[in-house]
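Let me begin by presenting the structure, written as structure tokens, before commenting on it.
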Amino acid sequence: METKRTLFLIEVAIFTALALVLDVIPFLSFKVWAQGGSVSFAMIPIFIVAFRWGVKGGLLSGFLYGILQIAIGEAWIMHPAQGALDYPVAFTVLGLAGLFAPAVQAAIKRGNTGRFIGFVAIGVLIGIILRFVAHYLAGVIFFESLIDGMNIWMYSLVYNGSYLLPSFIINVVAVSLLFYKRPKLIVSGK
Amino acid sequence: MNKLILGRYFPGNSVLHQLDPRAKLMAALYFIGLLFYVENGQGYLYLFIFTLMMMRLSRVALMTYIRGVKPLIWLILFATCLRVLFTGGGTVYFNMGPFIISSFGLLTGIYTFSRFVMIIFVSTIVTLTTKPIDLTDAISFLLHPLKYVKIPVEDFVLMLTIALRFIPNLLDETQKVMDAQRARGTVFGEGNLLQQMKKLVPIILPLFASSLNRAEAMADVMEVKGYQSGKKRSSFRQLSWSRRDSLCLMGMVVLTLGLHVLNEVNVLLLIASIY
């Protein structure tokens, strides 16, 4: 019992570190905006943890990733609420993809490829939509503090959508591909 | 690549380097909060002088700070322009459709700009003078209250430390795998998105596999050494709170009082009335 917990903690930690590594290595990420908004593969390890360990692992990994970015000074915080939403909250919600972990695992066990890719896609979609909401609100709060009555809603929508939509496609393809090539990846040490 | 490993820490021995990371982090967060309390130009000037003094104290070249602002400069300028163009009041210099350039707008623009720059400067001071690992300790200290809502803060801190510890290793490993793929003729950063992603799979798969092995080995070792989550542990690196740190927090209180006075009293008028 205890072994599982320690393994869980360490696995989540190492995968989160991997997320950060994938984000900073050149060629592996495409910066859409100079400050932050990048289409990178950083979310893949978080999704993998979510599908391996379920919601709890996913949420933890995402939260850890958000805090990690602050700890190494990668984060851009301009407003307290924006900082909280843009980093801890935005990445934590990615973990909710883990809601579909049981379904994905069952589909893989039965070798039903179409079904499993479908569930991966839904999980990733939910995670990314929620992340989008968090960034979106953060953007609104950020610009609300600057301008009154401007079309900030639209601006935040375009800005965040511009990199999260491609991110969604990349992540669905990448996560599905990885699990497809190596189904063992999803069987956690339970 | 080595630059990334260490975060943005700048080794040194200044007063700020020696401060307890908890004090530094709390003071910096507080200062950023304080920026939203400023009501007039003299207040901004006052805080700006304070920020410059802190930057001087950190003994890090000014250029390093300016480089920190660079990646964000367009966002800041954009925000500032919005502020300028959409704030009316005072003398209007220019008016076209919804856009107004007024004295009041220009002033708010300057305020906005300096607030952003100060936020970046102050957070840069913290990350330049604090090792990521110390910053982690400070963050975990601030997260402590979460323990009362049954969140296992210690486990979380352990994970944060492990993650930080493994970033350099993982970077090395990624580099190695990428080099191996390069040796086989893969060219990175070419082709369309889909092609680039295909190149990614042979990099990520070995990385994931080795990470899993690593995690397993490490969990075994920790078990053998008697690690149990939820048990009370002592730590190898002890943070020590000294008088300097209390003084730092007290300095924040004094700073706030000063700002409060500046919010209420117009210094120029005061000086004029004395003479």
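Here's how to read the names in the structure tokens: chain A, B, ... by the order shown, residue numbers from 1 in each chain, ligand numbers from 1 in the order shown.
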
Which polymer residues have any atom within 12 Å of an atom of Leu68 of chain A, counting only C-alpha atoms, with same-chain residues fewer than 4 positions away left out, as a PyMOL selection string? (chain A and resi 13-14+16-21+60-64+72-75+87-88+91) or (chain B and resi 7+132-133+135-137+139-140+156-157+159-165+167)

Alpha helix (DSSP H) per DSSP on the backbone: members of segment 7-206 of chain B, as a count of residues only: 141

May I have the residues within 10 Å of segment 51-53 of chain B as a PyMOL selection string, using only C-alpha atoms and disregarding those fewer than 2 positions away in the same chain? chain B and resi 31+45-49+55-58+62+117-119+121-122+125

Residues from the last selection, C-alpha atoms, saved as a CSV table (one decimal), in the first residue's frame:
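Result file is part11.csv:
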```
chain,number,residue,atom,x,y,z
B,31,PHE,CA,5.2,44.9,-2.5
B,45,LEU,CA,8.0,57.7,-7.8
B,46,TYR,CA,8.5,56.8,-4.2
B,47,LEU,CA,8.1,53.0,-4.9
B,48,PHE,CA,10.2,53.3,-8.0
B,49,ILE,CA,13.1,54.8,-6.1
B,55,MET,CA,18.1,46.4,-7.4
B,56,ARG,CA,21.3,48.2,-6.4
B,57,LEU,CA,21.4,46.2,-3.2
B,58,SER,CA,21.2,42.9,-5.1
B,62,LEU,CA,21.1,46.6,-14.3
B,117,VAL,CA,8.0,47.5,-14.9
B,118,MET,CA,8.2,47.5,-11.1
B,119,ILE,CA,6.4,44.2,-10.9
B,121,PHE,CA,11.8,44.2,-11.5
B,122,VAL,CA,10.7,43.1,-8.1
B,125,ILE,CA,15.1,40.6,-7.8
```

Among segment 67-212 of chain B, which ones does DSSP assign to strand (DSSP E) (computed from the backbone)? Answer as a PDB file with N, CA and C atoms, in the first residue's frame.
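part_16.pdb, freshly written:
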```pdb
ATOM      1  N   VAL B  92      -7.606  67.731 -23.423  1.00  0.00           N
ATOM      2  CA  VAL B  92      -7.622  66.790 -24.538  1.00  0.00           C
ATOM      3  C   VAL B  92      -6.746  67.336 -25.654  1.00  0.00           C
ATOM      4  N   TYR B  93      -5.761  66.511 -26.078  1.00  0.00           N
ATOM      5  CA  TYR B  93      -4.845  66.957 -27.125  1.00  0.00           C
ATOM      6  C   TYR B  93      -5.284  66.466 -28.485  1.00  0.00           C
ATOM      7  N   PHE B  94      -5.971  65.344 -28.504  1.00  0.00           N
ATOM      8  CA  PHE B  94      -6.243  64.666 -29.775  1.00  0.00           C
ATOM      9  C   PHE B  94      -7.487  63.820 -29.592  1.00  0.00           C
ATOM     10  N   ASN B  95      -8.364  63.858 -30.585  1.00  0.00           N
ATOM     11  CA  ASN B  95      -9.599  63.096 -30.426  1.00  0.00           C
ATOM     12  C   ASN B  95     -10.039  62.577 -31.787  1.00  0.00           C
ATOM     13  N   MET B  96     -10.114  61.249 -31.920  1.00  0.00           N
ATOM     14  CA  MET B  96     -10.543  60.687 -33.195  1.00  0.00           C
ATOM     15  C   MET B  96     -11.365  59.444 -32.911  1.00  0.00           C
ATOM     16  N   PHE B  99     -10.841  57.138 -29.864  1.00  0.00           N
ATOM     17  CA  PHE B  99      -9.514  57.371 -29.295  1.00  0.00           C
ATOM     18  C   PHE B  99      -9.347  58.801 -28.808  1.00  0.00           C
ATOM     19  N   ILE B 100      -8.792  58.900 -27.626  1.00  0.00           N
ATOM     20  CA  ILE B 100      -8.545  60.216 -27.046  1.00  0.00           C
ATOM     21  C   ILE B 100      -7.116  60.229 -26.520  1.00  0.00           C
ATOM     22  N   ILE B 101      -6.421  61.299 -26.778  1.00  0.00           N
ATOM     23  CA  ILE B 101      -5.167  61.467 -26.051  1.00  0.00           C
ATOM     24  C   ILE B 101      -5.341  62.687 -25.179  1.00  0.00           C
ATOM     25  N   SER B 102      -5.312  62.461 -23.890  1.00  0.00           N
ATOM     26  CA  SER B 102      -5.541  63.569 -22.976  1.00  0.00           C
ATOM     27  C   SER B 102      -4.434  63.583 -21.932  1.00  0.00           C
TER      28      SER B 102
END
```

Contacts of Pro102 of chain A within 8 Å, only C-alpha atoms, excl. fewer than 3 positions in-chain, as a PyMOL selection string: chain A and resi 51+54+99+105-106

I want to know what sits within 12 Å of Leu107 of chain B, based on only C-alpha atoms, with residues of the same chain fewer than 2 positions away left out; could you give that as a JSON list (two decimals) with N, CA and C atoms, in the first residue's frame?
```
[["chain", "number", "residue", "atom", "x", "y", "z"],
["B", 39, "GLU", "N", -1.92, 55.91, -5.28],
["B", 39, "GLU", "CA", -2.97, 56.75, -5.82],
["B", 39, "GLU", "C", -2.48, 57.92, -6.68],
["B", 40, "ASN", "N", -1.20, 58.26, -6.55],
["B", 40, "ASN", "CA", -0.75, 59.40, -7.35],
["B", 40, "ASN", "C", 0.70, 59.26, -7.79],
["B", 41, "GLY", "N", 1.14, 60.20, -8.59],
["B", 41, "GLY", "CA", 2.47, 60.14, -9.18],
["B", 41, "GLY", "C", 3.59, 60.08, -8.17],
["B", 42, "GLN", "N", 3.47, 60.84, -7.10],
["B", 42, "GLN", "CA", 4.56, 60.84, -6.14],
["B", 42, "GLN", "C", 4.69, 59.47, -5.47],
["B", 44, "TYR", "N", 4.10, 56.61, -7.00],
["B", 44, "TYR", "CA", 4.82, 55.76, -7.95],
["B", 44, "TYR", "C", 6.32, 56.07, -7.90],
["B", 80, "THR", "N", -0.15, 49.78, -22.14],
["B", 80, "THR", "CA", -0.01, 51.20, -21.86],
["B", 80, "THR", "C", -0.74, 52.04, -22.92],
["B", 81, "CYS", "N", -0.58, 51.65, -24.18],
["B", 81, "CYS", "CA", -1.24, 52.39, -25.25],
["B", 81, "CYS", "C", -2.76, 52.35, -25.07],
["B", 83, "ARG", "N", -4.38, 52.05, -22.40],
["B", 83, "ARG", "CA", -4.68, 52.91, -21.27],
["B", 83, "ARG", "C", -4.68, 54.39, -21.70],
["B", 84, "VAL", "N", -3.67, 54.75, -22.48],
["B", 84, "VAL", "CA", -3.55, 56.13, -22.91],
["B", 84, "VAL", "C", -4.71, 56.51, -23.83],
["B", 85, "LEU", "N", -5.01, 55.62, -24.78],
["B", 85, "LEU", "CA", -5.98, 55.96, -25.82],
["B", 85, "LEU", "C", -7.42, 55.97, -25.33],
["B", 87, "THR", "N", -8.44, 56.64, -22.03],
["B", 87, "THR", "CA", -8.73, 57.38, -20.82],
["B", 87, "THR", "C", -8.90, 58.86, -21.18],
["B", 88, "GLY", "N", -10.05, 59.38, -20.86],
["B", 88, "GLY", "CA", -10.27, 60.80, -21.13],
["B", 88, "GLY", "C", -10.04, 61.62, -19.88],
["B", 89, "GLY", "N", -10.26, 62.90, -19.99],
["B", 89, "GLY", "CA", -10.14, 63.74, -18.81],
["B", 89, "GLY", "C", -8.95, 64.66, -18.91],
["B", 90, "GLY", "N", -9.00, 65.75, -18.19],
["B", 90, "GLY", "CA", -7.92, 66.72, -18.25],
["B", 90, "GLY", "C", -7.96, 67.43, -19.59],
["B", 91, "THR", "N", -6.80, 67.89, -20.04],
["B", 91, "THR", "CA", -6.73, 68.58, -21.32],
["B", 91, "THR", "C", -6.72, 67.55, -22.44],
["B", 101, "ILE", "N", -6.42, 61.30, -26.78],
["B", 101, "ILE", "CA", -5.17, 61.47, -26.05],
["B", 101, "ILE", "C", -5.34, 62.69, -25.18],
["B", 102, "SER", "N", -5.31, 62.46, -23.89],
["B", 102, "SER", "CA", -5.54, 63.57, -22.98],
["B", 102, "SER", "C", -4.43, 63.58, -21.93],
["B", 103, "SER", "N", -4.35, 64.67, -21.22],
["B", 103, "SER", "CA", -3.29, 64.76, -20.20],
["B", 103, "SER", "C", -3.50, 63.69, -19.14],
["B", 104, "PHE", "N", -4.76, 63.48, -18.80],
["B", 104, "PHE", "CA", -5.07, 62.49, -17.78],
["B", 104, "PHE", "C", -4.69, 61.08, -18.27],
["B", 105, "GLY", "N", -5.00, 60.83, -19.56],
["B", 105, "GLY", "CA", -4.69, 59.53, -20.15],
["B", 105, "GLY", "C", -3.20, 59.26, -20.18],
["B", 109, "GLY", "N", -1.18, 56.34, -18.37],
["B", 109, "GLY", "CA", -0.30, 55.48, -19.16],
["B", 109, "GLY", "C", 1.05, 55.32, -18.48],
["B", 110, "ILE", "N", 1.59, 56.43, -18.04],
["B", 110, "ILE", "CA", 2.89, 56.38, -17.36],
["B", 110, "ILE", "C", 2.78, 55.55, -16.08],
["B", 111, "TYR", "N", 1.68, 55.72, -15.36],
["B", 111, "TYR", "CA", 1.49, 54.94, -14.13],
["B", 111, "TYR", "C", 1.48, 53.44, -14.45],
["B", 112, "THR", "N", 0.66, 53.10, -15.46],
["B", 112, "THR", "CA", 0.53, 51.69, -15.82],
["B", 112, "THR", "C", 1.87, 51.10, -16.19],
["B", 113, "PHE", "N", 2.59, 51.85, -17.03],
["B", 113, "PHE", "CA", 3.88, 51.38, -17.49],
["B", 113, "PHE", "C", 4.82, 51.14, -16.31],
["B", 114, "SER", "N", 4.88, 52.13, -15.40],
["B", 114, "SER", "CA", 5.84, 51.97, -14.31],
["B", 114, "SER", "C", 5.40, 50.87, -13.35]]
```

How far is it from atom CA of Ser162 of chain A to atom CA of Ala121 of chain A, in Å with one decimal?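 Between atom CA of Ser162 of chain A and atom CA of Ala121 of chain A the gap is 19.1 Å.
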